[in-house]
>>> print(open('work01.cif').read())   # mmCIF, C-alpha atoms (C1' of nucleotides); chains and numbers go by the auth columns
data_model
#
loop_
_atom_site.group_PDB
_atom_site.id
_atom_site.type_symbol
_atom_site.label_atom_id
_atom_site.label_comp_id
_atom_site.label_asym_id
_atom_site.label_seq_id
_atom_site.Cartn_x
_atom_site.Cartn_y
_atom_site.Cartn_z
_atom_site.B_iso_or_equiv
_atom_site.auth_seq_id
_atom_site.auth_asym_id
ATOM 1 C CA MET A 1 3.728 32.377 -9.384 0.00 1 A
ATOM 2 C CA GLU A 2 6.828 32.673 -11.484 0.00 2 A
ATOM 3 C CA ILE A 3 7.510 32.167 -15.151 0.00 3 A
ATOM 4 C CA VAL A 4 8.285 28.587 -16.108 0.00 4 A
ATOM 5 C CA ASP A 5 10.636 27.261 -18.748 0.00 5 A
ATOM 6 C CA ILE A 6 8.681 24.296 -20.054 0.00 6 A
ATOM 7 C CA ALA A 7 11.448 23.201 -22.399 0.00 7 A
ATOM 8 C CA GLY A 8 13.875 23.163 -19.477 0.00 8 A
ATOM 9 C CA LEU A 9 11.508 21.147 -17.295 0.00 9 A
ATOM 10 C CA ARG A 10 10.928 18.691 -20.116 0.00 10 A
ATOM 11 C CA ALA A 11 14.671 18.179 -20.468 0.00 11 A
ATOM 12 C CA GLN A 12 14.886 17.671 -16.709 0.00 12 A
ATOM 13 C CA GLN A 13 12.157 15.024 -16.840 0.00 13 A
ATOM 14 C CA ILE A 14 13.877 13.113 -19.612 0.00 14 A
ATOM 15 C CA ALA A 15 17.168 13.202 -17.735 0.00 15 A
ATOM 16 C CA THR A 16 15.606 12.190 -14.402 0.00 16 A
ATOM 17 C CA ALA A 17 13.244 9.468 -15.587 0.00 17 A
ATOM 18 C CA GLY A 18 16.184 7.142 -16.191 0.00 18 A
ATOM 19 C CA ASN A 19 16.749 6.914 -12.431 0.00 19 A
ATOM 20 C CA VAL A 20 13.319 5.508 -11.668 0.00 20 A
ATOM 21 C CA ILE A 21 13.467 1.885 -10.500 0.00 21 A
ATOM 22 C CA ARG A 22 10.541 -0.012 -11.995 0.00 22 A
ATOM 23 C CA HIS A 23 10.875 -3.275 -10.082 0.00 23 A
ATOM 24 C CA ASP A 24 10.461 -4.267 -6.441 0.00 24 A
ATOM 25 C CA ALA A 25 13.424 -2.858 -4.569 0.00 25 A
ATOM 26 C CA PHE A 26 12.499 -2.808 -0.893 0.00 26 A
ATOM 27 C CA ASP A 27 13.320 -4.805 2.214 0.00 27 A
ATOM 28 C CA PHE A 28 9.898 -5.599 3.678 0.00 28 A
ATOM 29 C CA GLN A 29 7.904 -8.755 3.098 0.00 29 A
ATOM 30 C CA THR A 30 4.785 -7.015 4.345 0.00 30 A
ATOM 31 C CA PRO A 31 4.731 -3.278 4.997 0.00 31 A
ATOM 32 C CA SER A 32 4.058 -2.051 8.549 0.00 32 A
ATOM 33 C CA ILE A 33 3.087 1.479 7.577 0.00 33 A
ATOM 34 C CA ILE A 34 1.603 2.714 4.295 0.00 34 A
ATOM 35 C CA ALA A 35 1.188 6.410 3.534 0.00 35 A
ATOM 36 C CA GLY A 36 -1.182 8.326 1.326 0.00 36 A
ATOM 37 C CA ALA A 37 -0.030 11.643 -0.146 0.00 37 A
ATOM 38 C CA ASP A 38 -2.165 14.295 -1.780 0.00 38 A
ATOM 39 C CA VAL A 39 -2.234 17.996 -2.559 0.00 39 A
ATOM 40 C CA GLY A 40 -4.974 20.597 -2.377 0.00 40 A
ATOM 41 C CA PHE A 41 -5.149 24.345 -2.809 0.00 41 A
ATOM 42 C CA GLU A 42 -6.323 27.370 -0.841 0.00 42 A
ATOM 43 C CA GLN A 43 -6.997 31.003 -1.544 0.00 43 A
ATOM 44 C CA GLY A 44 -7.848 30.542 -5.166 0.00 44 A
ATOM 45 C CA GLY A 45 -4.736 28.479 -5.768 0.00 45 A
ATOM 46 C CA GLU A 46 -2.194 30.879 -4.266 0.00 46 A
ATOM 47 C CA VAL A 47 -1.398 28.447 -1.476 0.00 47 A
ATOM 48 C CA THR A 48 -0.533 24.778 -1.991 0.00 48 A
ATOM 49 C CA ARG A 49 -1.444 22.396 0.804 0.00 49 A
ATOM 50 C CA ALA A 50 0.065 18.920 0.940 0.00 50 A
ATOM 51 C CA ALA A 51 -1.057 16.178 3.281 0.00 51 A
ATOM 52 C CA ILE A 52 0.481 12.826 4.115 0.00 52 A
ATOM 53 C CA ALA A 53 -1.463 10.278 6.134 0.00 53 A
ATOM 54 C CA LEU A 54 0.172 7.255 7.795 0.00 54 A
ATOM 55 C CA LEU A 55 -1.847 4.059 8.137 0.00 55 A
ATOM 56 C CA ARG A 56 -0.949 0.873 9.970 0.00 56 A
ATOM 57 C CA PHE A 57 -0.941 -2.193 7.740 0.00 57 A
ATOM 58 C CA PRO A 58 -2.932 -4.387 7.491 0.00 58 A
ATOM 59 C CA SER A 59 -5.386 -2.832 9.962 0.00 59 A
ATOM 60 C CA LEU A 60 -5.531 0.392 7.885 0.00 60 A
ATOM 61 C CA GLU A 61 -6.040 2.559 10.951 0.00 61 A
ATOM 62 C CA LEU A 62 -4.819 6.150 10.803 0.00 62 A
ATOM 63 C CA ILE A 63 -1.797 6.647 13.040 0.00 63 A
ATOM 64 C CA GLU A 64 -0.503 10.075 11.999 0.00 64 A
ATOM 65 C CA TYR A 65 -0.902 12.823 9.451 0.00 65 A
ATOM 66 C CA GLN A 66 1.043 15.961 8.609 0.00 66 A
ATOM 67 C CA VAL A 67 0.094 18.992 6.570 0.00 67 A
ATOM 68 C CA ALA A 68 2.331 21.620 4.969 0.00 68 A
ATOM 69 C CA ARG A 69 1.387 24.858 3.265 0.00 69 A
ATOM 70 C CA ILE A 70 3.624 26.772 0.876 0.00 70 A
ATOM 71 C CA ASN A 71 3.113 29.465 -1.718 0.00 71 A
ATOM 72 C CA THR A 72 2.176 28.061 -5.107 0.00 72 A
ATOM 73 C CA THR A 73 5.079 28.459 -7.535 0.00 73 A
ATOM 74 C CA MET A 74 3.705 27.041 -10.766 0.00 74 A
ATOM 75 C CA PRO A 75 0.391 26.817 -12.610 0.00 75 A
ATOM 76 C CA TYR A 76 -1.067 23.429 -13.475 0.00 76 A
ATOM 77 C CA ILE A 77 0.263 22.221 -16.806 0.00 77 A
ATOM 78 C CA PRO A 78 -0.637 18.667 -17.884 0.00 78 A
ATOM 79 C CA GLY A 79 2.546 16.606 -17.910 0.00 79 A
ATOM 80 C CA PHE A 80 4.323 18.897 -15.433 0.00 80 A
ATOM 81 C CA LEU A 81 2.234 18.339 -12.340 0.00 81 A
ATOM 82 C CA SER A 82 5.144 17.119 -10.210 0.00 82 A
ATOM 83 C CA PHE A 83 6.987 20.432 -10.347 0.00 83 A
ATOM 84 C CA ARG A 84 3.886 22.123 -8.984 0.00 84 A
ATOM 85 C CA GLU A 85 3.268 19.633 -6.191 0.00 85 A
ATOM 86 C CA TYR A 86 6.520 18.136 -4.947 0.00 86 A
ATOM 87 C CA PRO A 87 7.762 21.113 -2.904 0.00 87 A
ATOM 88 C CA ALA A 88 4.712 20.946 -0.623 0.00 88 A
ATOM 89 C CA LEU A 89 4.858 17.146 -0.517 0.00 89 A
ATOM 90 C CA LEU A 90 8.492 17.285 0.612 0.00 90 A
ATOM 91 C CA ALA A 91 7.589 19.785 3.326 0.00 91 A
ATOM 92 C CA ALA A 92 4.862 17.483 4.656 0.00 92 A
ATOM 93 C CA TRP A 93 7.201 14.492 4.372 0.00 93 A
ATOM 94 C CA GLN A 94 9.822 16.168 6.566 0.00 94 A
ATOM 95 C CA ARG A 95 7.261 16.710 9.313 0.00 95 A
ATOM 96 C CA LEU A 96 6.529 13.010 9.763 0.00 96 A
ATOM 97 C CA SER A 97 7.728 11.474 13.013 0.00 97 A
ATOM 98 C CA GLN A 98 8.314 8.148 11.276 0.00 98 A
ATOM 99 C CA GLN A 99 8.792 7.013 7.691 0.00 99 A
ATOM 100 C CA PRO A 100 6.326 4.684 5.951 0.00 100 A
ATOM 101 C CA ASP A 101 7.418 1.571 4.050 0.00 101 A
ATOM 102 C CA LEU A 102 5.285 2.469 1.044 0.00 102 A
ATOM 103 C CA VAL A 103 3.661 5.645 -0.270 0.00 103 A
ATOM 104 C CA PHE A 104 0.536 5.940 -2.420 0.00 104 A
ATOM 105 C CA VAL A 105 0.663 9.187 -4.364 0.00 105 A
ATOM 106 C CA ASP A 106 -2.409 10.808 -5.899 0.00 106 A
ATOM 107 C CA GLY A 107 -1.541 10.974 -9.613 0.00 107 A
ATOM 108 C CA HIS A 108 0.457 8.935 -12.113 0.00 108 A
ATOM 109 C CA GLY A 109 3.870 7.351 -11.761 0.00 109 A
ATOM 110 C CA ILE A 110 5.505 6.068 -14.962 0.00 110 A
ATOM 111 C CA SER A 111 2.219 6.315 -16.882 0.00 111 A
ATOM 112 C CA HIS A 112 3.374 9.704 -18.075 0.00 112 A
ATOM 113 C CA PRO A 113 4.559 10.899 -21.514 0.00 113 A
ATOM 114 C CA ARG A 114 8.173 11.010 -20.318 0.00 114 A
ATOM 115 C CA ARG A 115 7.732 8.415 -17.545 0.00 115 A
ATOM 116 C CA LEU A 116 8.031 10.870 -14.690 0.00 116 A
ATOM 117 C CA GLY A 117 4.654 11.502 -13.123 0.00 117 A
ATOM 118 C CA VAL A 118 4.443 12.954 -9.613 0.00 118 A
ATOM 119 C CA ALA A 119 4.524 9.517 -7.951 0.00 119 A
ATOM 120 C CA SER A 120 7.831 8.706 -9.639 0.00 120 A
ATOM 121 C CA HIS A 121 9.360 12.141 -9.201 0.00 121 A
ATOM 122 C CA PHE A 122 8.451 12.336 -5.516 0.00 122 A
ATOM 123 C CA GLY A 123 9.573 8.733 -5.011 0.00 123 A
ATOM 124 C CA LEU A 124 12.996 9.544 -6.403 0.00 124 A
ATOM 125 C CA LEU A 125 13.334 12.612 -4.189 0.00 125 A
ATOM 126 C CA ILE A 126 12.530 10.719 -0.979 0.00 126 A
ATOM 127 C CA ASP A 127 14.044 7.462 -2.218 0.00 127 A
ATOM 128 C CA ARG A 128 11.116 5.392 -0.958 0.00 128 A
ATOM 129 C CA PRO A 129 8.836 2.877 -2.691 0.00 129 A
ATOM 130 C CA THR A 130 5.925 4.802 -4.219 0.00 130 A
ATOM 131 C CA ILE A 131 2.832 3.875 -6.221 0.00 131 A
ATOM 132 C CA GLY A 132 0.795 6.151 -8.470 0.00 132 A
ATOM 133 C CA VAL A 133 -2.965 6.064 -7.909 0.00 133 A
ATOM 134 C CA ALA A 134 -4.695 8.205 -10.542 0.00 134 A
ATOM 135 C CA LYS A 135 -8.383 8.708 -11.259 0.00 135 A
ATOM 136 C CA ARG A 136 -7.981 9.701 -14.882 0.00 136 A
ATOM 137 C CA ARG A 137 -5.779 8.813 -17.835 0.00 137 A
ATOM 138 C CA LEU A 138 -2.898 11.048 -18.848 0.00 138 A
ATOM 139 C CA CYS A 139 -1.414 9.031 -21.702 0.00 139 A
ATOM 140 C CA GLY A 140 -1.676 5.599 -23.272 0.00 140 A
ATOM 141 C CA ARG A 141 -4.573 3.452 -24.459 0.00 141 A
ATOM 142 C CA PHE A 142 -6.517 0.535 -23.047 0.00 142 A
ATOM 143 C CA GLU A 143 -9.263 -1.870 -24.000 0.00 143 A
ATOM 144 C CA PRO A 144 -12.688 -1.339 -22.405 0.00 144 A
ATOM 145 C CA LEU A 145 -13.063 -3.067 -19.036 0.00 145 A
ATOM 146 C CA SER A 146 -15.812 -5.501 -18.162 0.00 146 A
ATOM 147 C CA ASP A 147 -18.314 -4.286 -15.574 0.00 147 A
ATOM 148 C CA GLU A 148 -17.124 -6.766 -12.994 0.00 148 A
ATOM 149 C CA PRO A 149 -15.362 -5.379 -9.933 0.00 149 A
ATOM 150 C CA ASP A 150 -11.623 -6.214 -10.054 0.00 150 A
ATOM 151 C CA ALA A 151 -11.628 -6.152 -13.864 0.00 151 A
ATOM 152 C CA ARG A 152 -8.329 -4.897 -15.246 0.00 152 A
ATOM 153 C CA ALA A 153 -6.542 -4.050 -18.474 0.00 153 A
ATOM 154 C CA PRO A 154 -3.011 -2.948 -19.235 0.00 154 A
ATOM 155 C CA LEU A 155 -2.504 0.715 -20.091 0.00 155 A
ATOM 156 C CA ILE A 156 -0.207 0.749 -23.108 0.00 156 A
ATOM 157 C CA ASP A 157 1.834 3.763 -24.211 0.00 157 A
ATOM 158 C CA LYS A 158 4.426 3.698 -26.984 0.00 158 A
ATOM 159 C CA GLY A 159 4.396 -0.066 -27.006 0.00 159 A
ATOM 160 C CA GLU A 160 4.915 -0.706 -23.299 0.00 160 A
ATOM 161 C CA GLN A 161 2.646 -1.271 -20.338 0.00 161 A
ATOM 162 C CA VAL A 162 2.838 1.746 -18.048 0.00 162 A
ATOM 163 C CA ALA A 163 -0.053 1.029 -15.652 0.00 163 A
ATOM 164 C CA TRP A 164 -2.975 -1.192 -14.743 0.00 164 A
ATOM 165 C CA VAL A 165 -6.425 0.140 -15.429 0.00 165 A
ATOM 166 C CA TRP A 166 -8.383 -1.405 -12.600 0.00 166 A
ATOM 167 C CA ARG A 167 -12.040 -1.340 -11.579 0.00 167 A
ATOM 168 C CA SER A 168 -11.829 -1.101 -7.816 0.00 168 A
ATOM 169 C CA LYS A 169 -15.590 -1.059 -7.291 0.00 169 A
ATOM 170 C CA LEU A 170 -18.809 -1.953 -9.100 0.00 170 A
ATOM 171 C CA ARG A 171 -20.294 0.908 -11.156 0.00 171 A
ATOM 172 C CA CYS A 172 -17.254 3.104 -10.594 0.00 172 A
ATOM 173 C CA ASN A 173 -14.768 4.404 -13.133 0.00 173 A
ATOM 174 C CA PRO A 174 -11.481 2.513 -13.020 0.00 174 A
ATOM 175 C CA LEU A 175 -8.279 3.673 -11.339 0.00 175 A
ATOM 176 C CA PHE A 176 -4.864 3.882 -13.006 0.00 176 A
ATOM 177 C CA ILE A 177 -2.287 2.105 -10.856 0.00 177 A
ATOM 178 C CA SER A 178 1.334 2.591 -11.828 0.00 178 A
ATOM 179 C CA THR A 179 4.884 2.155 -10.662 0.00 179 A
ATOM 180 C CA GLY A 180 6.088 5.229 -8.851 0.00 180 A
ATOM 181 C CA HIS A 181 9.543 4.122 -7.746 0.00 181 A
ATOM 182 C CA ARG A 182 10.991 0.826 -6.455 0.00 182 A
ATOM 183 C CA VAL A 183 7.693 -1.046 -6.964 0.00 183 A
ATOM 184 C CA GLY A 184 6.865 -3.229 -9.964 0.00 184 A
ATOM 185 C CA LEU A 185 3.545 -2.831 -11.778 0.00 185 A
ATOM 186 C CA ASP A 186 2.025 -6.063 -10.510 0.00 186 A
ATOM 187 C CA SER A 187 3.167 -5.379 -6.951 0.00 187 A
ATOM 188 C CA ALA A 188 1.713 -1.905 -7.163 0.00 188 A
ATOM 189 C CA LEU A 189 -1.716 -3.331 -7.934 0.00 189 A
ATOM 190 C CA HIS A 190 -1.228 -6.017 -5.299 0.00 190 A
ATOM 191 C CA TRP A 191 -0.657 -3.541 -2.462 0.00 191 A
ATOM 192 C CA VAL A 192 -3.408 -1.210 -3.576 0.00 192 A
ATOM 193 C CA ARG A 193 -5.859 -4.119 -3.637 0.00 193 A
ATOM 194 C CA ARG A 194 -4.923 -4.918 -0.054 0.00 194 A
ATOM 195 C CA CYS A 195 -5.761 -1.399 1.106 0.00 195 A
ATOM 196 C CA MET A 196 -9.403 -1.340 0.013 0.00 196 A
ATOM 197 C CA ARG A 197 -12.317 -0.888 2.399 0.00 197 A
ATOM 198 C CA GLY A 198 -15.354 -0.763 0.157 0.00 198 A
ATOM 199 C CA TYR A 199 -14.739 2.570 -1.562 0.00 199 A
ATOM 200 C CA ARG A 200 -13.400 3.431 -4.978 0.00 200 A
ATOM 201 C CA LEU A 201 -10.103 4.688 -3.554 0.00 201 A
ATOM 202 C CA PRO A 202 -7.688 2.828 -1.254 0.00 202 A
ATOM 203 C CA GLU A 203 -7.657 3.967 2.377 0.00 203 A
ATOM 204 C CA PRO A 204 -4.290 5.765 2.396 0.00 204 A
ATOM 205 C CA THR A 205 -5.405 7.847 -0.594 0.00 205 A
ATOM 206 C CA ARG A 206 -8.823 8.532 0.911 0.00 206 A
ATOM 207 C CA TRP A 207 -7.292 9.829 4.130 0.00 207 A
ATOM 208 C CA ALA A 208 -4.719 11.960 2.375 0.00 208 A
ATOM 209 C CA ASP A 209 -7.417 13.407 0.130 0.00 209 A
ATOM 210 C CA ALA A 210 -9.707 14.100 3.056 0.00 210 A
ATOM 211 C CA VAL A 211 -6.928 15.891 4.937 0.00 211 A
ATOM 212 C CA ALA A 212 -5.469 17.788 1.962 0.00 212 A
ATOM 213 C CA SER A 213 -8.879 18.999 0.836 0.00 213 A
ATOM 214 C CA ASN A 214 -10.228 19.452 4.362 0.00 214 A
ATOM 215 C CA ARG A 215 -13.287 17.344 3.602 0.00 215 A
ATOM 216 C CA MET A 216 -16.193 17.431 6.006 0.00 216 A
ATOM 217 C CA ALA A 217 -15.687 13.754 6.725 0.00 217 A
ATOM 218 C CA PHE A 218 -12.238 14.624 8.002 0.00 218 A
ATOM 219 C CA GLN A 219 -13.521 17.554 10.028 0.00 219 A
ATOM 220 C CA ARG A 220 -16.069 15.253 11.651 0.00 220 A
ATOM 221 C CA TRP A 221 -13.320 12.793 12.446 0.00 221 A
ATOM 222 C CA ARG A 222 -11.254 15.559 14.063 0.00 222 A
ATOM 223 C CA GLN A 223 -14.240 16.521 16.154 0.00 223 A
ATOM 224 C CA GLY A 224 -14.402 12.992 17.535 0.00 224 A
ATOM 225 C CA GLN A 225 -10.650 13.006 18.181 0.00 225 A
ATOM 226 C CA GLU A 226 -10.764 16.202 20.288 0.00 226 A
ATOM 227 C CA SER A 227 -7.426 17.462 18.945 0.00 227 A
ATOM 228 C CA PRO A 228 -8.298 20.971 17.730 0.00 228 A
ATOM 229 C CA ASP A 229 -4.932 22.266 16.555 0.00 229 A
ATOM 230 C CA LEU A 230 -3.408 19.329 14.720 0.00 230 A
ATOM 231 C CA PHE A 231 -4.591 20.828 11.476 0.00 231 A
ATOM 232 C CA ASN A 232 -3.068 24.263 11.975 0.00 232 A
ATOM 233 C CA PRO A 233 0.214 23.445 13.673 0.00 233 A
ATOM 234 C CA GLN A 234 2.355 26.008 11.909 0.00 234 A
ATOM 235 C "C1'" DG B 1 -3.498 21.015 -38.424 0.00 1 B
ATOM 236 C "C1'" DC B 2 -6.480 18.932 -34.617 0.00 2 B
ATOM 237 C "C1'" DG B 3 -7.557 16.829 -30.411 0.00 3 B
ATOM 238 C "C1'" DA B 4 -5.984 15.214 -25.678 0.00 4 B
ATOM 239 C "C1'" DC B 5 -4.492 16.675 -21.456 0.00 5 B
ATOM 240 C "C1'" DA B 6 -2.812 13.579 -13.833 0.00 6 B
ATOM 241 C "C1'" DG B 7 -4.302 17.497 -10.138 0.00 7 B
ATOM 242 C "C1'" DA C 1 -7.548 21.345 -8.103 0.00 1 C
ATOM 243 C "C1'" DT C 2 -11.825 24.551 -6.693 0.00 2 C
ATOM 244 C "C1'" DC C 3 -16.681 26.853 -6.389 0.00 3 C
ATOM 245 C "C1'" DT C 4 -20.992 23.636 -3.813 0.00 4 C
ATOM 246 C "C1'" DT C 5 -26.916 20.882 -2.310 0.00 5 C
ATOM 247 C "C1'" DG C 6 -29.623 18.379 -3.788 0.00 6 C
ATOM 248 C "C1'" DT C 7 -30.722 14.854 -6.719 0.00 7 C
ATOM 249 C "C1'" DC C 8 -31.117 10.985 -10.135 0.00 8 C
ATOM 250 C "C1'" DG C 9 -29.933 6.122 -10.736 0.00 9 C
ATOM 251 C "C1'" DC C 10 -28.306 1.416 -9.506 0.00 10 C
#
>>> encode(input="work01.cif", output="structure tokens")
Amino acid sequence: MEIVDIAGLRAQQIATAGNVIRHDAFDFQTPSIIAGADVGFEQGGEVTRAAIALLRFPSLELIEYQVARINTTMPYIPGFLSFREYPALLAAWQRLSQQPDLVFVDGHGISHPRRLGVASHFGLLIDRPTIGVAKRRLCGRFEPLSDEPDARAPLIDKGEQVAWVWRSKLRCNPLFISTGHRVGLDSALHWVRRCMRGYRLPEPTRWADAVASNRMAFQRWRQGQESPDLFNPQ
DNA sequence: GCGACAG
DNA sequence: ATCTTGTCGC
């Protein structure tokens, strides 16, 4: 892990954030393929592992996944997550045999102090519609949600709405759904809502998380798929 | 000055 | 994020 110039990265974020497109700017009426993207770590954090899972829409069946491992270059610093994670995400992205119409990224999009969370930064780099799906707040404030499933409240930061705080499931903490790139806030929530299957997280995110973190659920699934070396292809 | 702080 | 099984509560 190298030394990082935080002031330089901050300047880069401010300069780059202006390129993020916050409204719907895509060709599809309904997406055919939606991806989930997530990052995990190995060997005490020395190795970064990114996973991207491709799901058919609206059936939400897994059709492909790719994993990439690279040496970790940066420590985790709140507000600078994208610089730590995007290199591995790009590596996994380049391994895909086909490109998805929409990508759900684990983490925030514009709901970031300088409006450039990992979902927005990665979206700009691949120039694809992306949505940020985060489990915890990074910035902004919101009114308490009712207990009802589907309850929502705007996340407000510096006077503007930067995300939807949304209760995806009864008795579960809400998710933070934000524009990544080329997807408006309301559309972002719309597509996430259409990818739910009874869990707190949408299916693309669940699969990406399971693959990136090598969850036992994923290992069991691999067992049933009898494809032993898909996970260690390099 | 103090607290907050994605993964 | 990661180390990790069972366990308490709805």
>>> residues_near_point(input="work01.cif", point="(-7.1, 15.2, -23.9)", cutoff="12 Å", atoms="only C-alpha atoms (C1' of nucleotides)", output="PDB file with C-alpha atoms (C1' of nucleotides), keeping the file's coordinate frame")
ATOM      1  CA  PRO A  78      -0.637  18.667 -17.884  1.00  0.00           C
ATOM      2  CA  GLY A  79       2.546  16.606 -17.910  1.00  0.00           C
ATOM      3  CA  ARG A 136      -7.981   9.701 -14.882  1.00  0.00           C
ATOM      4  CA  ARG A 137      -5.779   8.813 -17.835  1.00  0.00           C
ATOM      5  CA  LEU A 138      -2.898  11.048 -18.848  1.00  0.00           C
ATOM      6  CA  CYS A 139      -1.414   9.031 -21.702  1.00  0.00           C
ATOM      7  CA  GLY A 140      -1.676   5.599 -23.272  1.00  0.00           C
TER       8      GLY A 140
ATOM      9  C1'  DC B   2      -6.480  18.932 -34.617  1.00  0.00           C
ATOM     10  C1'  DG B   3      -7.557  16.829 -30.411  1.00  0.00           C
ATOM     11  C1'  DA B   4      -5.984  15.214 -25.678  1.00  0.00           C
ATOM     12  C1'  DC B   5      -4.492  16.675 -21.456  1.00  0.00           C
ATOM     13  C1'  DA B   6      -2.812  13.579 -13.833  1.00  0.00           C
TER      14       DA B   6
END
>>> resolve_selection(input="work01.cif", expression="the PyMOL selection byres ((chain A) within 10 of (chain B))", output="short mmCIF file (atom, residue, chain, number, x, y, z; two decimals) with C-alpha atoms, in the frame of the given file")
data_model
loop_
_atom_site.label_atom_id
_atom_site.label_comp_id
_atom_site.auth_asym_id
_atom_site.auth_seq_id
_atom_site.Cartn_x
_atom_site.Cartn_y
_atom_site.Cartn_z
CA ASP A 38 -2.16 14.30 -1.78
CA VAL A 39 -2.23 18.00 -2.56
CA GLY A 40 -4.97 20.60 -2.38
CA TYR A 76 -1.07 23.43 -13.48
CA ILE A 77 0.26 22.22 -16.81
CA PRO A 78 -0.64 18.67 -17.88
CA GLY A 79 2.55 16.61 -17.91
CA PHE A 80 4.32 18.90 -15.43
CA LEU A 81 2.23 18.34 -12.34
CA SER A 82 5.14 17.12 -10.21
CA ARG A 84 3.89 22.12 -8.98
CA GLU A 85 3.27 19.63 -6.19
CA ASP A 106 -2.41 10.81 -5.90
CA GLY A 107 -1.54 10.97 -9.61
CA HIS A 108 0.46 8.94 -12.11
CA GLY A 109 3.87 7.35 -11.76
CA SER A 111 2.22 6.32 -16.88
CA HIS A 112 3.37 9.70 -18.08
CA GLY A 117 4.65 11.50 -13.12
CA VAL A 118 4.44 12.95 -9.61
CA GLY A 132 0.80 6.15 -8.47
CA VAL A 133 -2.96 6.06 -7.91
CA ALA A 134 -4.70 8.20 -10.54
CA LYS A 135 -8.38 8.71 -11.26
CA ARG A 136 -7.98 9.70 -14.88
CA ARG A 137 -5.78 8.81 -17.84
CA LEU A 138 -2.90 11.05 -18.85
CA CYS A 139 -1.41 9.03 -21.70
CA PHE A 176 -4.86 3.88 -13.01
#
>>> residues_around(input="work01.cif", residues="Pro144 of chain A", least_positions_apart="3", cutoff="10 Å", atoms="all atoms listed in the file", output="list of chain:residue names")
A:Arg141, A:Asp147, A:Ala151, A:Arg152, A:Ala153, A:Val165
>>> write_last_selection(input="work01.cif", atoms="C-alpha atoms", output="mmCIF file, keeping the file's coordinate frame")
data_model
loop_
_atom_site.group_PDB
_atom_site.id
_atom_site.type_symbol
_atom_site.label_atom_id
_atom_site.label_comp_id
_atom_site.auth_asym_id
_atom_site.auth_seq_id
_atom_site.Cartn_x
_atom_site.Cartn_y
_atom_site.Cartn_z
ATOM 1 C CA ARG A 141 -4.573 3.452 -24.459
ATOM 2 C CA ASP A 147 -18.314 -4.286 -15.574
ATOM 3 C CA ALA A 151 -11.628 -6.152 -13.864
ATOM 4 C CA ARG A 152 -8.329 -4.897 -15.246
ATOM 5 C CA ALA A 153 -6.542 -4.050 -18.474
ATOM 6 C CA VAL A 165 -6.425 0.140 -15.429
#
>>> atom_distance(input="work01.cif", atom1="atom CA of Val47 of chain A", atom2="atom CA of Thr72 of chain A")
5.1 Å
>>> closest_atom_pairs(input="work01.cif", of="chain C", to="chain A", cutoff="10 Å", atoms="all atoms listed in the file", output="JSON lines")
{"residue": "C:DA1", "atom": "C1'", "partner": "A:Gly40", "partner_atom": "CA", "distance": 6.3}
{"residue": "C:DT2", "atom": "C1'", "partner": "A:Gly44", "partner_atom": "CA", "distance": 7.4}
{"residue": "C:DC3", "atom": "C1'", "partner": "A:Gly44", "partner_atom": "CA", "distance": 9.7}
{"residue": "C:DC10", "atom": "C1'", "partner": "A:Arg171", "partner_atom": "CA", "distance": 8.2}
>>> residues_around(input="work01.cif", residues="Gln13 of chain A", least_positions_apart="6", cutoff="9 Å", atoms="only C-alpha atoms (C1' of nucleotides)", output="count of residues only")
5
>>> resolve_selection(input="work01.cif", expression="the PyMOL selection byres ((chain A and resi 88) around 12)", output="PyMOL selection string")
chain A and resi 37-41+47-52+66-74+82-87+89-95+122+212
>>> write_last_selection(input="work01.cif", atoms="C-alpha atoms", output="mmCIF file, keeping the file's coordinate frame")
data_model
loop_
_atom_site.group_PDB
_atom_site.id
_atom_site.type_symbol
_atom_site.label_atom_id
_atom_site.label_comp_id
_atom_site.auth_asym_id
_atom_site.auth_seq_id
_atom_site.Cartn_x
_atom_site.Cartn_y
_atom_site.Cartn_z
ATOM 1 C CA ALA A 37 -0.030 11.643 -0.146
ATOM 2 C CA ASP A 38 -2.165 14.295 -1.780
ATOM 3 C CA VAL A 39 -2.234 17.996 -2.559
ATOM 4 C CA GLY A 40 -4.974 20.597 -2.377
ATOM 5 C CA PHE A 41 -5.149 24.345 -2.809
ATOM 6 C CA VAL A 47 -1.398 28.447 -1.476
ATOM 7 C CA THR A 48 -0.533 24.778 -1.991
ATOM 8 C CA ARG A 49 -1.444 22.396 0.804
ATOM 9 C CA ALA A 50 0.065 18.920 0.940
ATOM 10 C CA ALA A 51 -1.057 16.178 3.281
ATOM 11 C CA ILE A 52 0.481 12.826 4.115
ATOM 12 C CA GLN A 66 1.043 15.961 8.609
ATOM 13 C CA VAL A 67 0.094 18.992 6.570
ATOM 14 C CA ALA A 68 2.331 21.620 4.969
ATOM 15 C CA ARG A 69 1.387 24.858 3.265
ATOM 16 C CA ILE A 70 3.624 26.772 0.876
ATOM 17 C CA ASN A 71 3.113 29.465 -1.718
ATOM 18 C CA THR A 72 2.176 28.061 -5.107
ATOM 19 C CA THR A 73 5.079 28.459 -7.535
ATOM 20 C CA MET A 74 3.705 27.041 -10.766
ATOM 21 C CA SER A 82 5.144 17.119 -10.210
ATOM 22 C CA PHE A 83 6.987 20.432 -10.347
ATOM 23 C CA ARG A 84 3.886 22.123 -8.984
ATOM 24 C CA GLU A 85 3.268 19.633 -6.191
ATOM 25 C CA TYR A 86 6.520 18.136 -4.947
ATOM 26 C CA PRO A 87 7.762 21.113 -2.904
ATOM 27 C CA LEU A 89 4.858 17.146 -0.517
ATOM 28 C CA LEU A 90 8.492 17.285 0.612
ATOM 29 C CA ALA A 91 7.589 19.785 3.326
ATOM 30 C CA ALA A 92 4.862 17.483 4.656
ATOM 31 C CA TRP A 93 7.201 14.492 4.372
ATOM 32 C CA GLN A 94 9.822 16.168 6.566
ATOM 33 C CA ARG A 95 7.261 16.710 9.313
ATOM 34 C CA PHE A 122 8.451 12.336 -5.516
ATOM 35 C CA ALA A 212 -5.469 17.788 1.962
#
